file entry_25.txt (compact mmCIF, N, CA and C atoms)
# COMPACT_ATOMS: atom_id res chain seq x y z
N MET J 202 -7.83 -23.66 10.49
CA MET J 202 -6.56 -22.99 10.33
C MET J 202 -6.79 -21.48 10.44
N ALA J 203 -6.00 -20.81 11.23
CA ALA J 203 -6.17 -19.38 11.46
C ALA J 203 -5.64 -18.58 10.28
N ALA J 204 -6.33 -17.49 10.00
CA ALA J 204 -5.91 -16.63 8.90
C ALA J 204 -4.72 -15.79 9.35
N VAL J 205 -3.72 -15.70 8.49
CA VAL J 205 -2.53 -14.93 8.79
C VAL J 205 -2.64 -13.59 8.07
N ILE J 206 -2.51 -12.50 8.82
CA ILE J 206 -2.57 -11.16 8.23
C ILE J 206 -1.18 -10.81 7.73
N PRO J 207 -1.05 -10.49 6.45
CA PRO J 207 0.25 -10.09 5.94
C PRO J 207 0.79 -8.88 6.68
N LYS J 208 2.10 -8.77 6.74
CA LYS J 208 2.75 -7.68 7.47
C LYS J 208 2.30 -6.31 6.98
N GLN J 209 2.16 -6.14 5.66
CA GLN J 209 1.78 -4.85 5.10
C GLN J 209 0.39 -4.43 5.56
N GLU J 210 -0.57 -5.38 5.60
CA GLU J 210 -1.92 -5.05 6.04
C GLU J 210 -1.93 -4.68 7.51
N ALA J 211 -1.14 -5.36 8.32
CA ALA J 211 -1.09 -5.05 9.74
C ALA J 211 -0.52 -3.65 9.95
N GLU J 212 0.47 -3.28 9.15
CA GLU J 212 1.06 -1.94 9.27
C GLU J 212 0.11 -0.87 8.77
N ASP J 213 -0.69 -1.18 7.75
CA ASP J 213 -1.63 -0.21 7.20
C ASP J 213 -2.69 0.19 8.20
N GLU J 214 -3.05 -0.72 9.08
CA GLU J 214 -4.11 -0.44 10.04
C GLU J 214 -3.70 0.63 11.04
N ASP J 215 -2.44 0.77 11.34
CA ASP J 215 -1.98 1.68 12.38
C ASP J 215 -1.12 2.78 11.76
N CYS J 216 -1.71 3.61 10.91
CA CYS J 216 -0.93 4.64 10.25
C CYS J 216 -1.41 6.06 10.58
N SER J 217 -2.35 6.19 11.48
CA SER J 217 -2.88 7.50 11.79
C SER J 217 -2.01 8.21 12.84
N LEU J 218 -1.73 9.47 12.56
CA LEU J 218 -0.95 10.28 13.50
C LEU J 218 -1.84 11.09 14.44
N LEU J 219 -3.12 11.17 14.11
CA LEU J 219 -4.03 12.00 14.90
C LEU J 219 -4.12 11.59 16.37
N PRO J 220 -4.20 10.30 16.70
CA PRO J 220 -4.25 9.95 18.13
C PRO J 220 -3.01 10.43 18.90
N LEU J 221 -1.85 10.37 18.25
CA LEU J 221 -0.63 10.83 18.92
C LEU J 221 -0.65 12.35 19.11
N VAL J 222 -1.11 13.06 18.09
CA VAL J 222 -1.21 14.52 18.21
C VAL J 222 -2.21 14.88 19.30
N HIS J 223 -3.31 14.15 19.36
CA HIS J 223 -4.31 14.39 20.41
C HIS J 223 -3.72 14.18 21.80
N ASP J 224 -2.95 13.11 21.96
CA ASP J 224 -2.30 12.84 23.25
C ASP J 224 -1.32 13.95 23.62
N ILE J 225 -0.60 14.47 22.64
CA ILE J 225 0.35 15.56 22.90
C ILE J 225 -0.39 16.81 23.37
N ILE J 226 -1.50 17.12 22.71
CA ILE J 226 -2.28 18.30 23.09
C ILE J 226 -2.85 18.13 24.49
N LYS J 227 -3.33 16.92 24.81
CA LYS J 227 -3.85 16.68 26.16
C LYS J 227 -2.76 16.87 27.20
N CYS J 228 -1.56 16.37 26.91
CA CYS J 228 -0.44 16.52 27.86
C CYS J 228 -0.08 18.00 28.04
N MET J 229 -0.14 18.76 26.95
CA MET J 229 0.19 20.18 27.04
C MET J 229 -0.88 20.93 27.84
N ASP J 230 -2.14 20.53 27.70
CA ASP J 230 -3.20 21.16 28.48
C ASP J 230 -3.05 20.89 29.96
N LYS J 231 -2.56 19.71 30.31
CA LYS J 231 -2.40 19.32 31.71
C LYS J 231 -1.06 19.76 32.29
N ASP J 232 -0.23 20.38 31.48
CA ASP J 232 1.14 20.72 31.88
C ASP J 232 1.87 19.48 32.40
N SER J 233 1.67 18.38 31.71
CA SER J 233 2.26 17.11 32.10
C SER J 233 3.69 17.00 31.60
N GLN J 234 4.46 16.18 32.29
CA GLN J 234 5.85 15.94 31.89
C GLN J 234 5.93 14.87 30.80
N ASP J 235 4.80 14.29 30.45
CA ASP J 235 4.77 13.23 29.45
C ASP J 235 4.82 13.77 28.02
N VAL J 236 4.88 15.09 27.86
CA VAL J 236 4.88 15.68 26.52
C VAL J 236 6.06 15.18 25.72
N HIS J 237 7.23 15.12 26.33
CA HIS J 237 8.42 14.68 25.61
C HIS J 237 8.29 13.22 25.17
N GLN J 238 7.69 12.40 26.03
CA GLN J 238 7.49 11.00 25.68
C GLN J 238 6.52 10.88 24.50
N GLU J 239 5.44 11.65 24.54
CA GLU J 239 4.46 11.63 23.45
C GLU J 239 5.07 12.18 22.15
N LEU J 240 5.91 13.21 22.26
CA LEU J 240 6.57 13.76 21.07
C LEU J 240 7.52 12.73 20.46
N ASN J 241 8.21 11.97 21.30
CA ASN J 241 9.10 10.93 20.81
C ASN J 241 8.31 9.84 20.08
N LYS J 242 7.12 9.51 20.60
CA LYS J 242 6.28 8.53 19.93
C LYS J 242 5.89 9.03 18.54
N LEU J 243 5.55 10.32 18.46
CA LEU J 243 5.17 10.91 17.18
C LEU J 243 6.36 10.90 16.22
N LYS J 244 7.54 11.25 16.71
CA LYS J 244 8.73 11.23 15.86
C LYS J 244 9.01 9.83 15.33
N MET J 245 8.85 8.83 16.21
CA MET J 245 9.09 7.45 15.79
C MET J 245 8.07 7.03 14.73
N LYS J 246 6.82 7.43 14.90
CA LYS J 246 5.77 7.09 13.94
C LYS J 246 6.05 7.73 12.57
N ILE J 247 6.49 8.97 12.58
CA ILE J 247 6.83 9.66 11.34
C ILE J 247 8.02 8.98 10.67
N GLN J 248 9.01 8.57 11.45
CA GLN J 248 10.17 7.88 10.90
C GLN J 248 9.77 6.54 10.28
N GLU J 249 8.86 5.81 10.94
CA GLU J 249 8.37 4.55 10.39
C GLU J 249 7.66 4.79 9.06
N ALA J 250 6.87 5.87 8.99
CA ALA J 250 6.17 6.19 7.75
C ALA J 250 7.17 6.50 6.64
N ARG J 251 8.22 7.22 6.96
CA ARG J 251 9.26 7.52 5.96
C ARG J 251 9.91 6.25 5.44
N GLU J 252 10.21 5.32 6.36
CA GLU J 252 10.84 4.07 5.97
C GLU J 252 9.92 3.25 5.09
N GLN J 253 8.62 3.24 5.40
CA GLN J 253 7.66 2.50 4.57
C GLN J 253 7.58 3.11 3.17
N ILE J 254 7.61 4.43 3.10
CA ILE J 254 7.54 5.10 1.80
C ILE J 254 8.78 4.77 0.98
N LEU J 255 9.94 4.80 1.60
CA LEU J 255 11.18 4.51 0.87
C LEU J 255 11.24 3.05 0.42
N ALA J 256 10.54 2.16 1.13
CA ALA J 256 10.55 0.74 0.79
C ALA J 256 9.52 0.38 -0.28
N MET J 257 8.70 1.34 -0.67
CA MET J 257 7.67 1.06 -1.67
C MET J 257 8.30 0.78 -3.03
N PRO J 258 7.74 -0.20 -3.75
CA PRO J 258 8.30 -0.48 -5.08
C PRO J 258 8.02 0.65 -6.05
N GLY J 259 9.03 1.01 -6.83
CA GLY J 259 8.87 2.05 -7.84
C GLY J 259 9.07 3.46 -7.33
N ILE J 260 9.41 3.62 -6.07
CA ILE J 260 9.57 4.97 -5.50
C ILE J 260 10.78 5.67 -6.12
N SER J 261 11.73 4.90 -6.62
CA SER J 261 12.92 5.50 -7.21
C SER J 261 12.69 5.96 -8.65
N LEU J 262 11.55 5.58 -9.22
CA LEU J 262 11.25 5.97 -10.61
C LEU J 262 10.61 7.35 -10.66
N SER J 263 10.85 8.04 -11.74
CA SER J 263 10.20 9.34 -11.94
C SER J 263 8.73 9.11 -12.27
N PRO J 264 7.89 10.13 -12.13
CA PRO J 264 6.47 9.98 -12.49
C PRO J 264 6.29 9.54 -13.95
N GLU J 265 7.13 10.05 -14.83
CA GLU J 265 7.04 9.67 -16.23
C GLU J 265 7.36 8.19 -16.42
N GLN J 266 8.39 7.71 -15.71
CA GLN J 266 8.75 6.30 -15.79
C GLN J 266 7.64 5.42 -15.21
N GLN J 267 7.03 5.88 -14.13
CA GLN J 267 5.92 5.14 -13.54
C GLN J 267 4.74 5.07 -14.51
N GLN J 268 4.45 6.17 -15.18
CA GLN J 268 3.37 6.19 -16.16
C GLN J 268 3.68 5.24 -17.32
N GLN J 269 4.92 5.24 -17.77
CA GLN J 269 5.32 4.34 -18.86
C GLN J 269 5.19 2.89 -18.43
N GLN J 270 5.63 2.59 -17.22
CA GLN J 270 5.53 1.23 -16.70
C GLN J 270 4.06 0.82 -16.59
N LEU J 271 3.22 1.71 -16.11
CA LEU J 271 1.79 1.44 -16.00
C LEU J 271 1.17 1.20 -17.37
N GLN J 272 1.54 2.00 -18.34
CA GLN J 272 1.04 1.83 -19.70
C GLN J 272 1.47 0.48 -20.28
N ASN J 273 2.72 0.09 -20.04
CA ASN J 273 3.21 -1.20 -20.51
C ASN J 273 2.44 -2.36 -19.87
N LEU J 274 2.20 -2.25 -18.57
CA LEU J 274 1.46 -3.31 -17.88
C LEU J 274 0.02 -3.40 -18.37
N ARG J 275 -0.60 -2.26 -18.61
CA ARG J 275 -1.97 -2.27 -19.14
C ARG J 275 -2.02 -2.90 -20.52
N GLU J 276 -1.01 -2.62 -21.33
CA GLU J 276 -0.95 -3.22 -22.66
C GLU J 276 -0.78 -4.73 -22.57
N GLN J 277 0.03 -5.18 -21.61
CA GLN J 277 0.20 -6.62 -21.41
C GLN J 277 -1.12 -7.27 -21.01
N VAL J 278 -1.86 -6.63 -20.12
CA VAL J 278 -3.14 -7.16 -19.69
C VAL J 278 -4.10 -7.21 -20.88
N ARG J 279 -4.14 -6.16 -21.67
CA ARG J 279 -5.01 -6.11 -22.84
C ARG J 279 -4.67 -7.25 -23.81
N THR J 280 -3.39 -7.46 -24.06
CA THR J 280 -2.95 -8.52 -24.96
C THR J 280 -3.33 -9.89 -24.41
N LYS J 281 -3.13 -10.11 -23.14
CA LYS J 281 -3.46 -11.40 -22.53
C LYS J 281 -4.97 -11.64 -22.55
N ASN J 282 -5.75 -10.60 -22.34
CA ASN J 282 -7.20 -10.75 -22.43
C ASN J 282 -7.64 -11.11 -23.84
N GLN J 283 -7.01 -10.50 -24.82
CA GLN J 283 -7.33 -10.83 -26.21
C GLN J 283 -6.99 -12.28 -26.52
N LEU J 284 -5.83 -12.73 -26.04
CA LEU J 284 -5.45 -14.13 -26.25
C LEU J 284 -6.43 -15.08 -25.55
N LEU J 285 -6.83 -14.73 -24.35
CA LEU J 285 -7.81 -15.55 -23.63
C LEU J 285 -9.10 -15.68 -24.42
N GLN J 286 -9.59 -14.55 -24.92
CA GLN J 286 -10.82 -14.57 -25.71
C GLN J 286 -10.64 -15.42 -26.97
N LYS J 287 -9.49 -15.32 -27.59
CA LYS J 287 -9.21 -16.10 -28.79
C LYS J 287 -9.24 -17.60 -28.47
N TYR J 288 -8.58 -17.99 -27.38
CA TYR J 288 -8.55 -19.40 -27.02
C TYR J 288 -9.92 -19.90 -26.60
N LYS J 289 -10.70 -19.06 -25.95
CA LYS J 289 -12.05 -19.46 -25.57
C LYS J 289 -12.91 -19.70 -26.81
N SER J 290 -12.70 -18.91 -27.83
CA SER J 290 -13.51 -19.04 -29.04
C SER J 290 -13.13 -20.27 -29.85
N LEU J 291 -12.00 -20.89 -29.57
CA LEU J 291 -11.58 -22.08 -30.30
C LEU J 291 -12.35 -23.33 -29.87
N CYS J 292 -13.08 -23.24 -28.78
CA CYS J 292 -13.91 -24.34 -28.26
C CYS J 292 -13.08 -25.55 -27.85
N MET J 293 -11.84 -25.36 -27.62
CA MET J 293 -10.99 -26.48 -27.19
C MET J 293 -11.28 -26.86 -25.75
N PHE J 294 -11.79 -25.94 -24.99
CA PHE J 294 -11.98 -26.17 -23.58
C PHE J 294 -13.42 -26.46 -23.20
N ASP J 295 -14.27 -26.67 -24.19
CA ASP J 295 -15.65 -27.01 -23.89
C ASP J 295 -15.72 -28.40 -23.26
N ILE J 296 -16.43 -28.48 -22.18
CA ILE J 296 -16.60 -29.77 -21.49
C ILE J 296 -17.94 -30.34 -21.94
N PRO J 297 -17.95 -31.55 -22.44
CA PRO J 297 -19.22 -32.12 -22.88
C PRO J 297 -20.15 -32.30 -21.70
N LYS J 298 -21.42 -32.04 -21.95
CA LYS J 298 -22.43 -32.19 -20.89
C LYS J 298 -22.87 -33.64 -20.84
N PRO J 299 -23.10 -34.17 -19.62
CA PRO J 299 -23.49 -35.58 -19.49
C PRO J 299 -24.88 -35.86 -20.00

call {"tool": "encode", "arguments": {"input": "entry_25.txt", "output": "structure tokens"}}
result
Amino acid sequence: MAAVIPKQEAEDEDCSLLPLVHDIIKCMDKDSQDVHQELNKLKMKIQEAREQILAMPGISLSPEQQQQQLQNLREQVRTKNQLLQKYKSLCMFDIPKP
């Protein structure tokens, strides 16, 4: 079965603007008419980046709210780890050896 790359990972791989800027500079050095086409590619790439940023979860929260949410999640993880350790110490899950 072939591995499926999630959409986010596929988009993450192609996020560099430097190749487009390099192509624009090359076109300008050659006095090529392709400069406008390369500039449009760059504009589209920047717009895609803006859309990805706006689609990120938590982007609408203030930094303070994000910190509070992070602190709450860390506390939940800490509590769950403590419960796990407690249940492990009860020996309820010990499997007898043959």

call {"tool": "atom_distance", "arguments": {"input": "entry_25.txt", "atom1": "atom CA of Gln268 of chain J", "atom2": "atom N of Leu285 of chain J"}}
result
24.7 Å

call {"tool": "atom_distance", "arguments": {"input": "entry_25.txt", "atom1": "atom CA of Asn241 of chain J", "atom2": "atom C of Ala256 of chain J"}}
result
23.6 Å

call {"tool": "atom_distance", "arguments": {"input": "entry_25.txt", "atom1": "atom C of Leu243 of chain J", "atom2": "atom C of Val222 of chain J"}}
result
9.9 Å

call {"tool": "closest_residue", "arguments": {"input": "entry_25.txt", "among": "J:Val278, J:Gln286, J:Gln253, J:Leu221", "to": "Gln238 of chain J", "atoms": "only C-alpha atoms"}}
result
J:Leu221

call {"tool": "axis_aligned_box", "arguments": {"input": "entry_25.txt", "around": "segment 262-266 of chain J", "padding_each_side": "5 Å", "output": "JSON"}}
result
{"center_x": 8.9, "center_y": 7.8, "center_z": -12.8, "size_x": 15.3, "size_y": 14.7, "size_z": 17.2}

call {"tool": "residues_around", "arguments": {"input": "entry_25.txt", "residues": "Val236 of chain J", "least_positions_apart": "5", "cutoff": "8 Å", "atoms": "only N, CA and C atoms", "output": "VMD selection string"}}
result
chain J and resid 224 to 229 241 to 242

call {"tool": "build_atoms", "arguments": {"input": "entry_25.txt", "residues": "segment 277-288 of chain J", "atoms": "all heavy atoms", "output": "PDB file, in the coordinates of the input"}}
result
ATOM      1  N   GLN J 277       0.030  -5.180 -21.610  1.00  0.00           N
ATOM      2  CA  GLN J 277       0.200  -6.620 -21.410  1.00  0.00           C
ATOM      3  C   GLN J 277      -1.120  -7.270 -21.010  1.00  0.00           C
ATOM      4  O   GLN J 277      -1.464  -8.353 -21.505  1.00  0.00           O
ATOM      5  CB  GLN J 277       1.254  -6.884 -20.329  1.00  0.00           C
ATOM      6  CG  GLN J 277       2.664  -6.633 -20.759  1.00  0.00           C
ATOM      7  CD  GLN J 277       3.652  -6.864 -19.633  1.00  0.00           C
ATOM      8  OE1 GLN J 277       3.303  -7.394 -18.569  1.00  0.00           O
ATOM      9  NE2 GLN J 277       4.900  -6.474 -19.843  1.00  0.00           N
ATOM     10  N   VAL J 278      -1.860  -6.630 -20.120  1.00  0.00           N
ATOM     11  CA  VAL J 278      -3.140  -7.160 -19.690  1.00  0.00           C
ATOM     12  C   VAL J 278      -4.100  -7.210 -20.880  1.00  0.00           C
ATOM     13  O   VAL J 278      -4.818  -8.204 -21.075  1.00  0.00           O
ATOM     14  CB  VAL J 278      -3.731  -6.324 -18.529  1.00  0.00           C
ATOM     15  CG1 VAL J 278      -5.183  -6.683 -18.270  1.00  0.00           C
ATOM     16  CG2 VAL J 278      -2.908  -6.513 -17.268  1.00  0.00           C
ATOM     17  N   ARG J 279      -4.140  -6.160 -21.670  1.00  0.00           N
ATOM     18  CA  ARG J 279      -5.010  -6.110 -22.840  1.00  0.00           C
ATOM     19  C   ARG J 279      -4.670  -7.250 -23.810  1.00  0.00           C
ATOM     20  O   ARG J 279      -5.560  -7.968 -24.298  1.00  0.00           O
ATOM     21  CB  ARG J 279      -4.876  -4.752 -23.537  1.00  0.00           C
ATOM     22  CG  ARG J 279      -5.921  -4.468 -24.575  1.00  0.00           C
ATOM     23  CD  ARG J 279      -5.825  -3.053 -25.142  1.00  0.00           C
ATOM     24  NE  ARG J 279      -5.867  -2.016 -24.113  1.00  0.00           N
ATOM     25  CZ  ARG J 279      -4.837  -1.203 -23.806  1.00  0.00           C
ATOM     26  NH1 ARG J 279      -3.707  -1.275 -24.463  1.00  0.00           N
ATOM     27  NH2 ARG J 279      -4.961  -0.300 -22.855  1.00  0.00           N
ATOM     28  N   THR J 280      -3.390  -7.460 -24.060  1.00  0.00           N
ATOM     29  CA  THR J 280      -2.950  -8.520 -24.960  1.00  0.00           C
ATOM     30  C   THR J 280      -3.330  -9.890 -24.410  1.00  0.00           C
ATOM     31  O   THR J 280      -3.841 -10.751 -25.145  1.00  0.00           O
ATOM     32  CB  THR J 280      -1.429  -8.453 -25.184  1.00  0.00           C
ATOM     33  OG1 THR J 280      -1.090  -7.163 -25.689  1.00  0.00           O
ATOM     34  CG2 THR J 280      -0.950  -9.529 -26.132  1.00  0.00           C
ATOM     35  N   LYS J 281      -3.130 -10.110 -23.140  1.00  0.00           N
ATOM     36  CA  LYS J 281      -3.460 -11.400 -22.530  1.00  0.00           C
ATOM     37  C   LYS J 281      -4.970 -11.640 -22.550  1.00  0.00           C
ATOM     38  O   LYS J 281      -5.407 -12.772 -22.761  1.00  0.00           O
ATOM     39  CB  LYS J 281      -2.905 -11.465 -21.107  1.00  0.00           C
ATOM     40  CG  LYS J 281      -1.384 -11.595 -21.103  1.00  0.00           C
ATOM     41  CD  LYS J 281      -0.815 -11.645 -19.714  1.00  0.00           C
ATOM     42  CE  LYS J 281       0.700 -11.734 -19.785  1.00  0.00           C
ATOM     43  NZ  LYS J 281       1.303 -11.867 -18.465  1.00  0.00           N
ATOM     44  N   ASN J 282      -5.750 -10.600 -22.340  1.00  0.00           N
ATOM     45  CA  ASN J 282      -7.200 -10.750 -22.430  1.00  0.00           C
ATOM     46  C   ASN J 282      -7.640 -11.110 -23.840  1.00  0.00           C
ATOM     47  O   ASN J 282      -8.525 -11.951 -24.029  1.00  0.00           O
ATOM     48  CB  ASN J 282      -7.919  -9.483 -21.960  1.00  0.00           C
ATOM     49  CG  ASN J 282      -7.999  -9.394 -20.453  1.00  0.00           C
ATOM     50  OD1 ASN J 282      -7.997 -10.411 -19.771  1.00  0.00           O
ATOM     51  ND2 ASN J 282      -8.074  -8.185 -19.937  1.00  0.00           N
ATOM     52  N   GLN J 283      -7.010 -10.500 -24.820  1.00  0.00           N
ATOM     53  CA  GLN J 283      -7.330 -10.830 -26.210  1.00  0.00           C
ATOM     54  C   GLN J 283      -6.990 -12.280 -26.520  1.00  0.00           C
ATOM     55  O   GLN J 283      -7.756 -12.987 -27.179  1.00  0.00           O
ATOM     56  CB  GLN J 283      -6.588  -9.895 -27.173  1.00  0.00           C
ATOM     57  CG  GLN J 283      -7.105  -8.476 -27.177  1.00  0.00           C
ATOM     58  CD  GLN J 283      -6.219  -7.535 -27.985  1.00  0.00           C
ATOM     59  OE1 GLN J 283      -5.127  -7.889 -28.407  1.00  0.00           O
ATOM     60  NE2 GLN J 283      -6.712  -6.312 -28.188  1.00  0.00           N
ATOM     61  N   LEU J 284      -5.830 -12.730 -26.040  1.00  0.00           N
ATOM     62  CA  LEU J 284      -5.450 -14.130 -26.250  1.00  0.00           C
ATOM     63  C   LEU J 284      -6.430 -15.080 -25.550  1.00  0.00           C
ATOM     64  O   LEU J 284      -6.802 -16.119 -26.110  1.00  0.00           O
ATOM     65  CB  LEU J 284      -4.030 -14.376 -25.741  1.00  0.00           C
ATOM     66  CG  LEU J 284      -2.903 -13.820 -26.601  1.00  0.00           C
ATOM     67  CD1 LEU J 284      -1.570 -13.947 -25.882  1.00  0.00           C
ATOM     68  CD2 LEU J 284      -2.864 -14.517 -27.948  1.00  0.00           C
ATOM     69  N   LEU J 285      -6.830 -14.730 -24.350  1.00  0.00           N
ATOM     70  CA  LEU J 285      -7.810 -15.550 -23.630  1.00  0.00           C
ATOM     71  C   LEU J 285      -9.100 -15.680 -24.420  1.00  0.00           C
ATOM     72  O   LEU J 285      -9.665 -16.770 -24.556  1.00  0.00           O
ATOM     73  CB  LEU J 285      -8.094 -14.935 -22.261  1.00  0.00           C
ATOM     74  CG  LEU J 285      -7.400 -15.561 -21.073  1.00  0.00           C
ATOM     75  CD1 LEU J 285      -7.638 -14.733 -19.829  1.00  0.00           C
ATOM     76  CD2 LEU J 285      -7.837 -16.981 -20.871  1.00  0.00           C
ATOM     77  N   GLN J 286      -9.590 -14.550 -24.920  1.00  0.00           N
ATOM     78  CA  GLN J 286     -10.820 -14.570 -25.710  1.00  0.00           C
ATOM     79  C   GLN J 286     -10.640 -15.420 -26.970  1.00  0.00           C
ATOM     80  O   GLN J 286     -11.540 -16.156 -27.369  1.00  0.00           O
ATOM     81  CB  GLN J 286     -11.249 -13.150 -26.081  1.00  0.00           C
ATOM     82  CG  GLN J 286     -11.685 -12.307 -24.896  1.00  0.00           C
ATOM     83  CD  GLN J 286     -12.812 -12.951 -24.109  1.00  0.00           C
ATOM     84  OE1 GLN J 286     -13.751 -13.499 -24.669  1.00  0.00           O
ATOM     85  NE2 GLN J 286     -12.697 -12.900 -22.795  1.00  0.00           N
ATOM     86  N   LYS J 287      -9.490 -15.320 -27.590  1.00  0.00           N
ATOM     87  CA  LYS J 287      -9.210 -16.100 -28.790  1.00  0.00           C
ATOM     88  C   LYS J 287      -9.240 -17.600 -28.470  1.00  0.00           C
ATOM     89  O   LYS J 287      -9.850 -18.379 -29.201  1.00  0.00           O
ATOM     90  CB  LYS J 287      -7.847 -15.707 -29.353  1.00  0.00           C
ATOM     91  CG  LYS J 287      -7.442 -16.473 -30.582  1.00  0.00           C
ATOM     92  CD  LYS J 287      -6.071 -16.020 -31.054  1.00  0.00           C
ATOM     93  CE  LYS J 287      -5.585 -16.884 -32.207  1.00  0.00           C
ATOM     94  NZ  LYS J 287      -4.242 -16.484 -32.644  1.00  0.00           N
ATOM     95  N   TYR J 288      -8.580 -17.990 -27.380  1.00  0.00           N
ATOM     96  CA  TYR J 288      -8.550 -19.400 -27.020  1.00  0.00           C
ATOM     97  C   TYR J 288      -9.920 -19.900 -26.600  1.00  0.00           C
ATOM     98  O   TYR J 288     -10.280 -21.038 -26.866  1.00  0.00           O
ATOM     99  CB  TYR J 288      -7.509 -19.651 -25.926  1.00  0.00           C
ATOM    100  CG  TYR J 288      -6.094 -19.507 -26.421  1.00  0.00           C
ATOM    101  CD1 TYR J 288      -5.175 -18.754 -25.715  1.00  0.00           C
ATOM    102  CD2 TYR J 288      -5.676 -20.119 -27.599  1.00  0.00           C
ATOM    103  CE1 TYR J 288      -3.872 -18.608 -26.181  1.00  0.00           C
ATOM    104  CE2 TYR J 288      -4.380 -19.980 -28.059  1.00  0.00           C
ATOM    105  CZ  TYR J 288      -3.483 -19.230 -27.343  1.00  0.00           C
ATOM    106  OH  TYR J 288      -2.208 -19.090 -27.802  1.00  0.00           O
TER     107      TYR J 288
END
